[in-house]
Every structure is written in C-alpha cells, then in structure tokens.
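A quick write-up on the structure given underneath.
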Amino acid sequence: MNTMVKGLTYSGQGETAWNNYLKQLDKVAPYLGELSERLDMLRRPKRSLIVDIPVIMDDGSVKHFEGYRVQHNLTRGPGKGGVRFHPDVNLDEVMALSAWMTIKCAALNLPFGGAKGGVRVDPTELSPRELERLTRRYTTEINLIIGPQKDIPAPDVGTNPQTMAWMMDTFSMNAGSTVTGVVTGKPVHLGGSLGRVKATGRGVYISGREVAQQIGLDLAGARICVQGFGNVGSEAALLFQENGSKVICVQDHSATLYQEQGIDVKKLMQYSKAHGKIKGFAEQDEIHTANFWQIQAEIFIPAALEGVIDAAVAQSIQTKMILEGANGPTLTEADEILAERQITVVPDVICNAGGVTVSYFEWVQDLASYFWTEEEINQRMDAIMKNAVSDVWLKASVAQCSLRTAAYILACERILMARKERGIYPG
Ligand code: NAD
C-alpha cells in the first residue's frame, strides 16, 4: 500500500495512473483554504461499474471481456469521458482517466462531471462484426448509468465515430427512441459535430500558441517533437507546421522518424492512414526509439500514452515547453524536476481539452437539434480555450505555482464550491 497518498488506492503499487492523480491532488490542498476539508470527495470515484461482456466470436465460440465505466464526480453536471479499447485497460487506469475528466471539465468551466470507460481488449484482433457485438453488449451492460443527462461517453484510444454510432444505436434501441445526445464523437450525419475530429489537436495548438506568447517563445521555426501520430498528435503537428513551426521528430508505436530539415506532416499523415503506422515512410531517417527524448527541440508533444515522462526523462530533456496532448504523460516526480529546470508544462487538463469542448458543443447541438457551422465551432472553441489558458496563467502567477497546480486549483475551487452550495444528501 502506498502511504504517501491519501484517498482510495486501488492497486496501490508504485506509479499507477490513479496514484499519480492522487499525488497531483495532494499538491493542491494547501491552496484551497477552507475548501480543502472537502477535497476527500475527489479522492475516490462516486461510482465504479465493472461488467462482464460475453461475445459470440465469428467461429461460434464465446469469449468474455472485462469492461468498466467509472463516474468520478457528477457535482457540476452529467459525467463526460471517453471509452478506451486497449489490452492494458484496468480499473486503476479508468479511475484516473475519469478523475482527470472531472478536473478538465471544471478547469474549462464546462457543465460536466468526469467519467471514463474502457474494455480490456485488443481491438485489432477482432473482426468488425465481433467489435460491433462487443460494443453493443458493453453499452447494454452500462446502459443503466449512461444517458444524455447522466453520463455521455465519447471516443478514446481504440474507439472511433463508428464505435459511437453503435453505442448510440444500442442505447436508442433499449430506450425505444433515437437518443443522439447519449454519446459524442459520432459521425456528422448522425448528430456528430463538425470540427470534432480535429478538435483535440487544434486545442493542443491553441493552448501551445497562447502559452508560447506568455513565455516569449517564437513559434516561427520552433522545432517540435511529437510522440504519437494518431488523432491528437498528427492534427497538432499539422497545425504547428501550417503556422510556421518545424516538426523534426515523430514517434509512433512502430518507429521514430527524425528529419532535421522538417518532416512533411501532411504526407506522413497520408502514409500513416494508409499503412496504420509511420514505419517505412523514410526508412533511412528512422532512429532508435530511446533517442526520442534526447533530441533538442523547443517543444515536445507527448500524444500517446500515460507516464512516459519520468524523472530520468525530466532530468535530461532539452526543451522549453511540453504540451501534454496525451492524458497523464508526466509523472509527479518528473513534474517537480521540470519546474526546477524552468521547462513550461502545459498540463493535459487544459492542453488536450479541445476534444471535450467540441464534445460539449455536440451535446448542446443534439439537445437543441440545431447545428452550427465548422467556423462557429472553431470560433467558440478558440474563445473557451483562450479563456481557460488565460485563467490558468493568471492563477499560476498569483499562487506562484505550476500551470498544472493552477488548473487543479481552479477546477477544485469550482467543484468544491458547487458541492458546498448543493450540500450533502440527505443532510
Ligand atoms: P490514437 O489511437 O488515434 O493514436 C495513438 C498514437 O499513439 C498512435 O500513433 C500510436 O501508434 C501511438 N503509440 C501507441 N503506443 C505507443 C508507444 N509505445 N510509443 C509511441 N507511440 C505510441 O489515440 P488519440 O486519440 O490520438 O489519443 C492519444 C492520447 O491523447 C491518449 O492519451 C488519449 O487519452 C489522449 N486524448 C485524446 C483525445 C481525443 O479526442 N482523441 C482527447 C483528449 C485526450
């Protein structure tokens, strides 16, 4: 049992994602005044559901998969958070991801709580029909706790608009009417929002641009390294390149590509979409995976997995700014080292919040059955992201703390104040 952190420790051993979250929360307590007495509420999820998902495979056999939906906190509104299909998914990770959604929605001042779901499965090993059956049964198993006013899932690693279409259809079949607002990230012709696919990468760019301005970092010609070239990493890389920066290194699960003169991001995106990986795009420029964090660049964008920036990486990395496209890429110890080395970290709860912001717009549009243009979506998202970065920057300056702690202070103040005003049922 890890005794350093207060709160519900699920697996308790070492650097789990949930323990990382608890440590981040502990850092905020001294800044919350009397509200800190209420912080215990955020140290455990409100509701955690573990489900068994039996699936009839194409060969007629039955396989069982484990699925989860965790609602971390619903004080400010319905739960919001993605669904992950990945072989490493476990309760600890889903709990942490749901908690980060609580903080993210509150830091952005969106009227949502935090939730997350997942199934421990390698989706690449299932046929499309098996994947559909898995998704539909998972949706039915969590049916009781989701809904447009309860908890609204969205895509995450290993899921996509098609998964959301199946979830929406399954929920609607059980409800007896079409309920588009039960999930976001749907295909556009099924109540999805324009701009959703690019939203997270776009948010990474906007938050990076705003903070770069604050720290006097010129984006023109700035060298950028991106880890993860999926939905988030590739769109962010493209926007930085289109705005004058130079993407010199891209890493995905298959290879690490380094081109000093700058990678043609658009061409790499086409290649990666066609082949499902970047390996082979320019074999002569592939370097060893471990060298990724050794490269000198003004900006690093981790946009793949959790926990990749540990103390050793934080000690050696040569950069000015880290933009957390992924959720939870920096461990707490690493955070402290980066702060000492005056490397600016734009935290996940702000940096990758473009996705949930446009998900919010999708939900609003579905409830109103009235849809906005992509230009309107982008304008509204820009405004919300710019405000959030400015609020967090101001809070960090006043409290003399990191941007992450500032975002947590803002979020915790909003959530705990809302709870104080609501009171505790039954009183
Ligand atoms: P994705 O599945 O589209 O892409 C993931 C990328 O990571 C792929 O390029 C994959 O090759 C790469 N990758 C996997 N394992 C790797 C490894 N060991 N080393 C290097 N690269 C590796 O996923 P995504 O939607 O782009 O999400 C990426 C991250 O961003 C996740 O942490 C996710 O939770 C977070 N996020 C996504 C969204 C969104 O809207 N998609 C929103 C907020 C946060």
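Numbering starts fresh at 1 for the residues of each chain in the structure tokens, the chains themselves are lettered A, B, ... in the order given, and ligands are numbered from 1 as they appear.
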Close residues to ligand 1 using only C-alpha atoms and all ligand atoms, limit 6 Å, as a ChimeraX atom specification: /A:156-158,200,227-233,251-253,303-305,325-327,352,355
Filtered DSSP result for range 182-281 of chain A, state strand (DSSP E or B), as a list of chain:residue names: A:Arg223, A:Ile224, A:Cys225, A:Val226, A:Gln227, A:Lys246, A:Val247, A:Ile248, A:Cys249, A:Val250, A:Gln251, A:Thr256, A:Leu257, A:Tyr258
Counting only C-alpha atoms, the option among A:Arg129, A:Arg196, A:Lys27, A:His72 closest to Cys401 in chain A: A:Lys27
Surrounding residues of Ala311 in chain A excluding itself and chain neighbours under 6 positions, 9 Å, only C-alpha atoms, as a VMD selection string: chain A and resid 330 to 338
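Between CA of Ala255 in chain A and CA of Thr289 in chain A lies a distance of 6.8 Å.
Nearest residue to Glu132 in chain A among A:Ile146, A:Cys105, A:Ala212, A:Met167 is A:Met167, counting only C-alpha atoms.
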Residues of range 265-370 of chain A in alpha helix (DSSP H), written as a PyMOL selection string: chain A and resi 265-275+311-316+332-340+348-351+354-368
Proximity to Asn19 in chain A - best of A:Glu93, A:Glu242, A:Glu66, A:Glu283, only C-alpha atoms: A:Glu93
Near-Arg47 in chain A list (10 Å; only C-alpha atoms; drop same-chain fewer than 4 positions) as a ChimeraX atom specification: /A:69-74,95,115,145
Output the selection as a CSV table (one decimal), in the first residue's frame - N, CA, C and O atoms for each residue.
```
chain,number,residue,atom,x,y,z
A,69,ARG,N,-17.0,1.3,-16.4
A,69,ARG,CA,-17.5,2.7,-16.5
A,69,ARG,C,-17.4,3.3,-15.2
A,69,ARG,O,-18.0,2.8,-14.2
A,70,VAL,N,-16.5,4.3,-15.0
A,70,VAL,CA,-16.3,5.0,-13.8
A,70,VAL,C,-16.8,6.4,-13.8
A,70,VAL,O,-16.5,7.1,-14.8
A,71,GLN,N,-17.7,6.8,-12.9
A,71,GLN,CA,-18.1,8.2,-12.8
A,71,GLN,C,-17.4,8.8,-11.6
A,71,GLN,O,-17.8,8.4,-10.5
A,72,HIS,N,-16.4,9.6,-11.9
A,72,HIS,CA,-15.6,10.1,-10.8
A,72,HIS,C,-16.3,11.1,-9.9
A,72,HIS,O,-16.3,11.1,-8.7
A,73,ASN,N,-16.9,12.1,-10.6
A,73,ASN,CA,-17.6,13.1,-9.9
A,73,ASN,C,-18.7,13.8,-10.8
A,73,ASN,O,-18.5,14.1,-11.9
A,74,LEU,N,-19.9,13.9,-10.2
A,74,LEU,CA,-21.1,14.5,-11.0
A,74,LEU,C,-21.6,15.7,-10.4
A,74,LEU,O,-22.8,16.1,-10.7
A,95,MET,N,-10.2,4.7,-13.5
A,95,MET,CA,-10.4,5.7,-12.4
A,95,MET,C,-9.6,7.0,-12.6
A,95,MET,O,-10.2,8.1,-12.4
A,115,ALA,N,-16.0,11.3,-16.1
A,115,ALA,CA,-16.3,9.8,-16.2
A,115,ALA,C,-15.3,9.2,-17.2
A,115,ALA,O,-14.6,10.0,-18.0
A,145,ILE,N,-26.4,3.4,-16.3
A,145,ILE,CA,-25.8,4.6,-15.7
A,145,ILE,C,-25.4,5.7,-16.7
A,145,ILE,O,-24.9,6.7,-16.4
```
Which residue of A:Asp58, A:Glu324, A:Glu374, A:Glu298 approaches Gly201 in chain A most closely, using only C-alpha atoms: A:Glu324
Shortest interatomic distance to Thr102 in chain A - which of A:Glu421, A:Ile409, A:Ser402, A:Ile415, counting only C-alpha atoms: A:Ile415
Sorted per-residue table, range 45-111 of chain A near range 381-400 of chain A, closest atoms and distance, 10 Å, only C-alpha atoms, as a tab-separated table:
```
residue	atom	partner	partner_atom	distance
A:Ala107	CA	A:Ala388	CA	7.0
A:Leu108	CA	A:Ala388	CA	5.6
A:Asn109	CA	A:Ala388	CA	8.0
A:Leu110	CA	A:Ile384	CA	9.3
```
Pick from A:Arg76, A:Lys23, A:Arg120, A:Arg38 nearest to Arg414 in chain A, counting only C-alpha atoms: A:Arg76
Selection near Met321 in chain A, 10 Å with only C-alpha atoms, sequence-local residues under 4 positions removed, as a ChimeraX atom specification: /A:208,211-212,215,217,224,297-301,338,342-346
Based on the selection just made, write N, CA and C atoms of those residues as a compact mmCIF listing (two decimals), in the first residue's frame.
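Okay, this is what ended up in result_35.txt:
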```
# COMPACT_ATOMS: atom_id res chain seq x y z
N GLY A 208 -0.84 25.79 -26.84
CA GLY A 208 0.61 25.96 -27.04
C GLY A 208 0.93 27.37 -27.52
N VAL A 211 0.43 29.92 -24.60
CA VAL A 211 1.48 29.88 -23.57
C VAL A 211 2.83 30.31 -24.16
N ALA A 212 3.08 29.96 -25.42
CA ALA A 212 4.33 30.37 -26.07
C ALA A 212 4.45 31.90 -26.03
N ILE A 215 5.53 33.04 -22.59
CA ILE A 215 6.93 32.80 -22.19
C ILE A 215 7.92 33.35 -23.22
N LEU A 217 8.24 32.59 -26.46
CA LEU A 217 8.78 31.58 -27.38
C LEU A 217 8.19 31.83 -28.77
N ILE A 224 9.84 20.95 -33.24
CA ILE A 224 8.82 20.22 -32.48
C ILE A 224 9.01 18.72 -32.60
N ALA A 297 14.80 20.29 -28.94
CA ALA A 297 13.70 20.93 -29.66
C ALA A 297 13.02 21.92 -28.71
N GLU A 298 12.42 22.94 -29.27
CA GLU A 298 11.78 23.95 -28.42
C GLU A 298 10.51 23.37 -27.77
N ILE A 299 9.84 22.47 -28.48
CA ILE A 299 8.56 21.95 -27.96
C ILE A 299 8.49 20.42 -28.11
N PHE A 300 8.06 19.74 -27.05
CA PHE A 300 7.76 18.31 -27.11
C PHE A 300 6.25 18.13 -26.91
N ILE A 301 5.66 17.26 -27.73
CA ILE A 301 4.23 16.98 -27.57
C ILE A 301 4.04 15.48 -27.35
N LEU A 338 10.97 19.23 -13.82
CA LEU A 338 10.75 20.13 -14.96
C LEU A 338 10.54 21.56 -14.47
N GLN A 342 12.82 24.99 -15.07
CA GLN A 342 12.07 26.06 -15.75
C GLN A 342 11.62 25.68 -17.15
N ILE A 343 11.21 24.43 -17.27
CA ILE A 343 10.60 23.97 -18.53
C ILE A 343 9.08 24.06 -18.32
N THR A 344 8.43 24.79 -19.21
CA THR A 344 6.98 25.02 -19.04
C THR A 344 6.20 23.79 -19.49
N VAL A 345 5.33 23.30 -18.61
CA VAL A 345 4.47 22.18 -18.97
C VAL A 345 3.03 22.69 -19.08
N VAL A 346 2.45 22.56 -20.27
CA VAL A 346 1.03 22.90 -20.41
C VAL A 346 0.27 21.61 -20.12
```
Shell around Asp285 in chain A at 7 Å using only C-alpha atoms, local window under 6 positions removed, as a JSON list (two decimals) with N, CA and C atoms, in the first residue's frame:
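Generated file (selection_36.json):
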```json
[["chain", "number", "residue", "atom", "x", "y", "z"],
["A", 257, "LEU", "N", 10.87, 8.74, -36.34],
["A", 257, "LEU", "CA", 11.36, 9.36, -37.57],
["A", 257, "LEU", "C", 11.95, 10.73, -37.25],
["A", 258, "TYR", "N", 13.20, 10.95, -37.67],
["A", 258, "TYR", "CA", 13.86, 12.23, -37.39],
["A", 258, "TYR", "C", 14.35, 12.87, -38.69],
["A", 259, "GLN", "N", 13.89, 14.07, -38.99],
["A", 259, "GLN", "CA", 14.37, 14.80, -40.17],
["A", 259, "GLN", "C", 14.65, 16.25, -39.74]]
```
